[in-house]
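What follows is work-v5.pdb (PDB, C-alpha atoms and all ligand atoms).
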```
ATOM      1  CA  MET A   1     -10.907 -30.942  21.213
ATOM      2  CA  ILE A   2     -10.343 -27.213  20.594
ATOM      3  CA  ALA A   3     -12.262 -26.473  23.805
ATOM      4  CA  ASN A   4      -9.654 -28.438  25.792
ATOM      5  CA  ILE A   5      -6.660 -26.532  24.440
ATOM      6  CA  ILE A   6      -4.914 -24.146  26.808
ATOM      7  CA  ILE A   7      -2.685 -21.419  25.335
ATOM      8  CA  LYS A   8      -0.161 -20.039  27.814
ATOM      9  CA  PRO A   9       3.221 -18.274  28.016
ATOM     10  CA  PHE A  10       6.246 -20.550  27.809
ATOM     11  CA  SER A  11       9.330 -20.061  29.954
ATOM     12  CA  LEU A  12      12.735 -20.559  28.340
ATOM     13  CA  ASN A  13      13.741 -22.544  31.461
ATOM     14  CA  GLN A  14      11.671 -25.400  30.068
ATOM     15  CA  LYS A  15      12.800 -27.739  27.276
ATOM     16  CA  ILE A  16      12.307 -25.796  24.047
ATOM     17  CA  PRO A  17      10.054 -27.664  21.560
ATOM     18  CA  TYR A  18      12.399 -27.237  18.599
ATOM     19  CA  HIS A  19      10.558 -30.009  16.743
ATOM     20  CA  LEU A  20       7.639 -27.568  16.431
ATOM     21  CA  LEU A  21       9.713 -24.439  15.724
ATOM     22  CA  LEU A  22      11.567 -26.290  12.964
ATOM     23  CA  LEU A  23       8.286 -27.009  11.165
ATOM     24  CA  ALA A  24       7.960 -23.260  10.540
ATOM     25  CA  ASP A  25      11.627 -22.385  10.113
ATOM     26  CA  PRO A  26      14.088 -25.003   8.849
ATOM     27  CA  SER A  27      17.132 -23.309  10.399
ATOM     28  CA  LYS A  28      17.865 -23.802  14.119
ATOM     29  CA  GLU A  29      20.608 -21.172  13.815
ATOM     30  CA  ILE A  30      18.073 -18.600  12.645
ATOM     31  CA  ILE A  31      15.541 -19.668  15.319
ATOM     32  CA  ASP A  32      18.196 -19.137  17.999
ATOM     33  CA  THR A  33      18.813 -15.554  16.824
ATOM     34  CA  TYR A  34      15.318 -14.467  17.887
ATOM     35  CA  LEU A  35      14.198 -16.916  20.588
ATOM     36  CA  ASN A  36      15.895 -15.273  23.571
ATOM     37  CA  LYS A  37      14.538 -11.847  22.613
ATOM     38  CA  SER A  38      10.968 -13.090  22.126
ATOM     39  CA  GLU A  39       7.871 -14.038  24.059
ATOM     40  CA  ILE A  40       6.763 -17.587  23.431
ATOM     41  CA  TYR A  41       3.284 -19.030  23.787
ATOM     42  CA  VAL A  42       2.355 -22.700  23.568
ATOM     43  CA  ALA A  43      -0.853 -24.636  23.036
ATOM     44  CA  ILE A  44      -1.279 -27.518  25.483
ATOM     45  CA  LEU A  45      -3.624 -30.471  25.008
ATOM     46  CA  ASN A  46      -3.649 -33.234  27.628
ATOM     47  CA  LYS A  47      -0.301 -31.963  29.015
ATOM     48  CA  GLU A  48       1.329 -32.196  25.567
ATOM     49  CA  VAL A  49       2.719 -29.137  23.750
ATOM     50  CA  ILE A  50       0.997 -29.274  20.344
ATOM     51  CA  GLY A  51       1.465 -25.714  19.122
ATOM     52  CA  ILE A  52       3.706 -22.700  19.478
ATOM     53  CA  TYR A  53       4.022 -19.093  18.416
ATOM     54  CA  VAL A  54       6.808 -16.592  18.977
ATOM     55  CA  LEU A  55       6.316 -12.819  19.329
ATOM     56  CA  TYR A  56       9.314 -10.583  18.638
ATOM     57  CA  GLU A  57       9.276  -6.794  19.072
ATOM     58  CA  THR A  58      10.619  -5.092  15.930
ATOM     59  CA  GLN A  59       9.769  -1.509  16.997
ATOM     60  CA  PHE A  60       8.320  -0.096  20.221
ATOM     61  CA  ASP A  61       4.813  -0.303  18.707
ATOM     62  CA  LYS A  62       5.229  -3.211  16.316
ATOM     63  CA  VAL A  63       5.566  -6.930  16.950
ATOM     64  CA  GLU A  64       6.283  -9.823  14.604
ATOM     65  CA  ILE A  65       5.071 -13.409  14.764
ATOM     66  CA  LYS A  66       8.459 -14.919  14.003
ATOM     67  CA  ASN A  67       7.305 -18.511  14.201
ATOM     68  CA  ILE A  68       3.957 -20.285  14.411
ATOM     69  CA  ALA A  69       3.598 -24.045  14.213
ATOM     70  CA  ILE A  70       1.174 -26.807  15.048
ATOM     71  CA  ALA A  71       2.269 -30.438  15.522
ATOM     72  CA  GLU A  72       1.680 -32.376  12.299
ATOM     73  CA  ASP A  73      -0.996 -34.687  13.786
ATOM     74  CA  TYR A  74      -3.024 -31.644  14.862
ATOM     75  CA  GLN A  75      -2.759 -29.477  11.739
ATOM     76  CA  GLY A  76      -5.897 -28.591   9.772
ATOM     77  CA  LYS A  77      -8.158 -28.667  12.846
ATOM     78  CA  GLY A  78      -8.431 -24.930  13.443
ATOM     79  CA  ILE A  79      -5.651 -24.691  16.053
ATOM     80  CA  GLY A  80      -3.427 -22.477  13.860
ATOM     81  CA  LYS A  81      -6.293 -20.043  13.454
ATOM     82  CA  LEU A  82      -6.836 -20.121  17.233
ATOM     83  CA  MET A  83      -3.126 -19.408  17.888
ATOM     84  CA  LEU A  84      -3.113 -16.571  15.339
ATOM     85  CA  GLN A  85      -6.143 -14.977  16.993
ATOM     86  CA  HIS A  86      -4.487 -15.410  20.402
ATOM     87  CA  ALA A  87      -1.315 -13.755  19.076
ATOM     88  CA  THR A  88      -3.128 -10.694  17.709
ATOM     89  CA  LYS A  89      -5.182 -10.350  20.922
ATOM     90  CA  THR A  90      -2.041 -10.662  23.071
ATOM     91  CA  ALA A  91      -0.170  -8.090  20.957
ATOM     92  CA  LYS A  92      -3.069  -5.652  21.200
ATOM     93  CA  GLU A  93      -3.334  -6.115  24.988
ATOM     94  CA  LYS A  94       0.386  -5.386  25.268
ATOM     95  CA  GLY A  95      -0.158  -2.053  23.507
ATOM     96  CA  TYR A  96       1.332  -2.796  20.097
ATOM     97  CA  LYS A  97      -0.230  -0.857  17.225
ATOM     98  CA  SER A  98       0.513  -3.410  14.506
ATOM     99  CA  ILE A  99       1.500  -7.038  14.089
ATOM    100  CA  ILE A 100       3.436  -8.469  11.163
ATOM    101  CA  ILE A 101       4.160 -11.959   9.876
ATOM    102  CA  GLY A 102       6.354 -13.233   7.077
ATOM    103  CA  THR A 103       5.986 -16.353   4.997
ATOM    104  CA  ALA A 104       7.406 -17.779   1.798
ATOM    105  CA  ASN A 105       6.083 -17.216  -1.720
ATOM    106  CA  SER A 106       5.445 -20.995  -1.816
ATOM    107  CA  SER A 107       3.466 -21.173   1.462
ATOM    108  CA  ILE A 108      -0.001 -21.220  -0.089
ATOM    109  CA  ALA A 109      -1.958 -22.377   2.992
ATOM    110  CA  GLN A 110      -0.193 -19.836   5.214
ATOM    111  CA  LEU A 111      -0.866 -16.963   2.785
ATOM    112  CA  TYR A 112      -4.512 -18.054   2.737
ATOM    113  CA  LEU A 113      -4.766 -18.296   6.525
ATOM    114  CA  TYR A 114      -3.026 -15.007   7.299
ATOM    115  CA  GLN A 115      -5.041 -12.985   4.765
ATOM    116  CA  LYS A 116      -8.296 -14.599   5.854
ATOM    117  CA  GLN A 117      -7.473 -13.574   9.428
ATOM    118  CA  GLY A 118      -7.033  -9.946   8.387
ATOM    119  CA  PHE A 119      -3.342  -9.605   7.505
ATOM    120  CA  ASP A 120      -2.531  -7.627   4.349
ATOM    121  CA  ILE A 121       0.560  -8.012   2.158
ATOM    122  CA  THR A 122       2.868  -5.023   2.593
ATOM    123  CA  GLU A 123       6.230  -6.053   1.205
ATOM    124  CA  ILE A 124       8.118  -8.769  -0.650
ATOM    125  CA  LYS A 125      11.703  -9.389   0.424
ATOM    126  CA  LYS A 126      13.080 -10.589  -2.897
ATOM    127  CA  ASP A 127      15.384 -13.634  -2.764
ATOM    128  CA  PHE A 128      15.275 -13.685   1.055
ATOM    129  CA  PHE A 129      15.436 -17.487   1.266
ATOM    130  CA  LEU A 130      18.058 -17.784  -1.483
ATOM    131  CA  LYS A 131      20.305 -15.384   0.456
ATOM    132  CA  ASN A 132      19.701 -16.678   4.005
ATOM    133  CA  TYR A 133      19.324 -20.460   3.709
ATOM    134  CA  PRO A 134      22.214 -22.622   2.496
ATOM    135  CA  GLU A 135      20.149 -25.385   0.846
ATOM    136  CA  PRO A 136      17.599 -24.880  -1.958
ATOM    137  CA  LEU A 137      14.090 -25.373  -0.543
ATOM    138  CA  ILE A 138      11.005 -26.627  -2.405
ATOM    139  CA  GLU A 139       7.459 -26.356  -1.024
ATOM    140  CA  ASN A 140       4.236 -27.294  -2.836
ATOM    141  CA  GLY A 141       6.432 -27.920  -5.877
ATOM    142  CA  ILE A 142       7.495 -24.259  -5.880
ATOM    143  CA  GLN A 143      10.996 -23.016  -5.117
ATOM    144  CA  VAL A 144      11.124 -21.098  -1.857
ATOM    145  CA  LYS A 145      12.645 -17.759  -2.852
ATOM    146  CA  HIS A 146      10.954 -14.647  -1.501
ATOM    147  CA  MET A 147       9.612 -13.610   1.894
ATOM    148  CA  VAL A 148       6.105 -12.168   1.743
ATOM    149  CA  MET A 149       5.471  -9.771   4.648
ATOM    150  CA  LEU A 150       1.940  -9.213   5.898
ATOM    151  CA  LYS A 151       0.641  -6.744   8.467
ATOM    152  CA  MET A 152      -2.459  -6.150  10.572
ATOM    153  CA  GLU A 153      -3.235  -2.883  12.328
ATOM    154  CA  LEU A 154      -4.377  -3.554  15.901
TER     155      LEU A 154
HETATM  156  N1  LIG B   1      -4.265 -25.602   1.914
HETATM  157  C1  LIG B   1      -5.269 -24.686   1.920
HETATM  158  N2  LIG B   1      -5.882 -24.270   3.067
HETATM  159  C2  LIG B   1      -5.498 -24.823   4.211
HETATM  160  C3  LIG B   1      -4.479 -25.798   4.288
HETATM  161  C4  LIG B   1      -3.857 -26.191   3.060
HETATM  162  N3  LIG B   1      -2.863 -27.082   3.039
HETATM  163  N4  LIG B   1      -4.300 -26.117   5.583
HETATM  164  C5  LIG B   1      -5.186 -25.388   6.295
HETATM  165  N5  LIG B   1      -5.905 -24.621   5.465
HETATM  166  C6  LIG B   1      -6.965 -23.688   5.816
HETATM  167  C7  LIG B   1      -8.048 -24.323   6.632
HETATM  168  O1  LIG B   1      -9.049 -24.887   5.808
HETATM  169  C8  LIG B   1      -8.593 -23.156   7.418
HETATM  170  O2  LIG B   1      -9.438 -22.385   6.602
HETATM  171  P1  LIG B   1     -10.871 -21.881   7.110
HETATM  172  O3  LIG B   1     -10.599 -20.949   8.263
HETATM  173  O4  LIG B   1     -11.431 -21.221   5.929
HETATM  174  O5  LIG B   1     -11.600 -23.112   7.526
HETATM  175  C9  LIG B   1      -7.361 -22.289   7.652
HETATM  176  O6  LIG B   1      -6.401 -22.678   6.657
HETATM  177  C10 LIG B   1      -6.781 -22.455   9.042
HETATM  178  O7  LIG B   1      -6.489 -23.799   9.235
HETATM  179  P2  LIG B   1      -6.000 -24.332  10.652
HETATM  180  O8  LIG B   1      -6.546 -25.723  10.824
HETATM  181  O9  LIG B   1      -6.272 -23.348  11.742
HETATM  182  O10 LIG B   1      -4.456 -24.405  10.383
HETATM  183  P3  LIG B   1      -3.387 -25.250  11.228
HETATM  184  O11 LIG B   1      -3.882 -25.588  12.574
HETATM  185  O12 LIG B   1      -2.903 -26.357  10.376
HETATM  186  O13 LIG B   1      -2.222 -24.169  11.398
HETATM  187  C11 LIG B   1      -0.116 -23.715  10.370
HETATM  188  C12 LIG B   1      -1.645 -23.548  10.272
HETATM  189  C13 LIG B   1       0.403 -22.979  11.596
HETATM  190  C14 LIG B   1       0.476 -23.086   9.104
HETATM  191  C15 LIG B   1       0.211 -25.226  10.476
HETATM  192  O14 LIG B   1      -0.329 -25.926   9.366
HETATM  193  C16 LIG B   1       1.679 -25.530  10.581
HETATM  194  O15 LIG B   1       2.228 -25.613  11.668
HETATM  195  N6  LIG B   1       2.368 -25.738   9.436
HETATM  196  C17 LIG B   1       3.792 -26.046   9.427
HETATM  197  C18 LIG B   1       4.630 -24.900   9.962
HETATM  198  C19 LIG B   1       4.407 -23.608   9.203
HETATM  199  O16 LIG B   1       4.364 -23.573   7.982
HETATM  200  N7  LIG B   1       4.275 -22.495   9.975
HETATM  201  C20 LIG B   1       4.124 -21.135   9.413
HETATM  202  C21 LIG B   1       5.406 -20.639   8.827
HETATM  203  S1  LIG B   1       5.468 -18.864   8.700
HETATM  204  C22 LIG B   1       5.890 -18.350  10.272
HETATM  205  O17 LIG B   1       6.135 -19.142  11.122
HETATM  206  C23 LIG B   1       5.894 -16.881  10.565
END
```
Kindly return the structure encoded in the file as C-alpha cells.
Amino acid sequence: MIANIIIKPFSLNQKIPYHLLLLADPSKEIIDTYLNKSEIYVAILNKEVIGIYVLYETQFDKVEIKNIAIAEDYQGKGIGKLMLQHATKTAKEKGYKSIIIGTANSSIAQLYLYQKQGFDITEIKKDFFLKNYPEPLIENGIQVKHMVMLKMEL
C-alpha cells in the first residue's frame, strides 16, 4: 500500500481537508491562522487524500511542521513516518537549516515517533494548551497542558 502513496503539494484553491487537520489540532481558528502562510503537502492513495502536513516558515532558515495527520483508518501503517521523512527532505531541499515540531505533553505516540525520526526536545512551553484552548483537553488519560518543542538540524 505504501508503495502506491503519492505525496504532493496541495493548492489552497482545492477543498481544504479540515477533517485531517483537525485530528492534529482541535481548533479550526488556530489552523486558519497559519494555513494561508504555509506550504501544504498531502498523501494521496487511490485519488483519496489520506494524509497531510503543513510547513510554516518561522525564521528565514527555520521551518515548523505545524500540522501532520493521517486519516484514522490509515494510522499505524507507517504513513506518518513517511510524511515526516518527506517533510524533513522537502525542508532541506528548500534550504532550511532546521525543522521544528511541537506536540503535547500527553501525545506519547507522537513524542516517540518524532524522537525516533531524529527530532530532539529543545523547549517546553508551559501551560500552552491551558492558555490557548478554551476547553480542557484529555489525551491518553493525561491532561493536555504543555507544548513540547522538538528540533532537527538539517
Ligand atoms: N503508541 C506507540 N507507538 C505508536 C503508536 C501509539 N499509539 N502509533 C504509532 N506508533 C509508532 C509505530 O509503531 C511506529 O514505530 P516504528 O517506526 O518503531 O515502527 C511509529 O510510531 C510511526 O508510526 P506510523 O504508522 O508512521 O504513524 P501514523 O501513520 O499513525 O502517523 C500520526 C502518526 C501523524 C501521529 C497519526 O497517528 C495521526 O494522524 N494522529 C492524529 C493526529 C496527530 O496527533 N497529529 C500530530 C499532532 S502534532 C502536530 O501536528 C505538529
| field | Selection dump of the PyMOL selection byres (((chain A and resi 11) around 10) and not hetatm), as a list in words | value |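 With the shown file as input, the PyMOL selection byres (((chain A and resi 11) around 10) and not hetatm) matches Lys8, Pro9, Phe10, Leu12, Asn13, Gln14, Lys15, Ile16, Glu39, Ile40, Tyr41 and Val42 of chain A.
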| query | So which one's closest to ligand LIG 1 (chain B), A:Leu23, A:Ile30, A:Ile121, A:Ile52? Using all atoms listed in the file, please. | reply | A:Leu23
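We find CA of Lys37 in chain A and CA of Asn132 in chain A to be spaced 19.9 Å apart.
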| Target residues per the PyMOL selection byres (((not hetatm)) within 8 of (chain B and resi 1)), formatted as a PyMOL selection string | chain A and resi 20-25+51+53+65-72+74-83+101-104+107-110+112-113+116
| Selection near His146 in chain A, 7 Å with all atoms listed in the file, sequence-local residues under 4 positions removed, as a PyMOL selection string | chain A and resi 104-105+124-129
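For the atom pair formed by CA of Ile31 in chain A and CA of Asp61 in chain A, the distance is 22.4 Å, given to one decimal.
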| task | Work out how far CA of Tyr133 in chain A is from CA of Ser38 in chain A, in Å to one decimal. | result |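 Result for CA of Ser38 in chain A versus CA of Tyr133 in chain A: 21.5 Å, one decimal.
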| field | Neighbour list for range 86-96 of chain A as a ChimeraX atom specification, cut-off 7 Å, all atoms listed in the file, skip fewer than 5 positions in-chain | value | /A:61-63,154
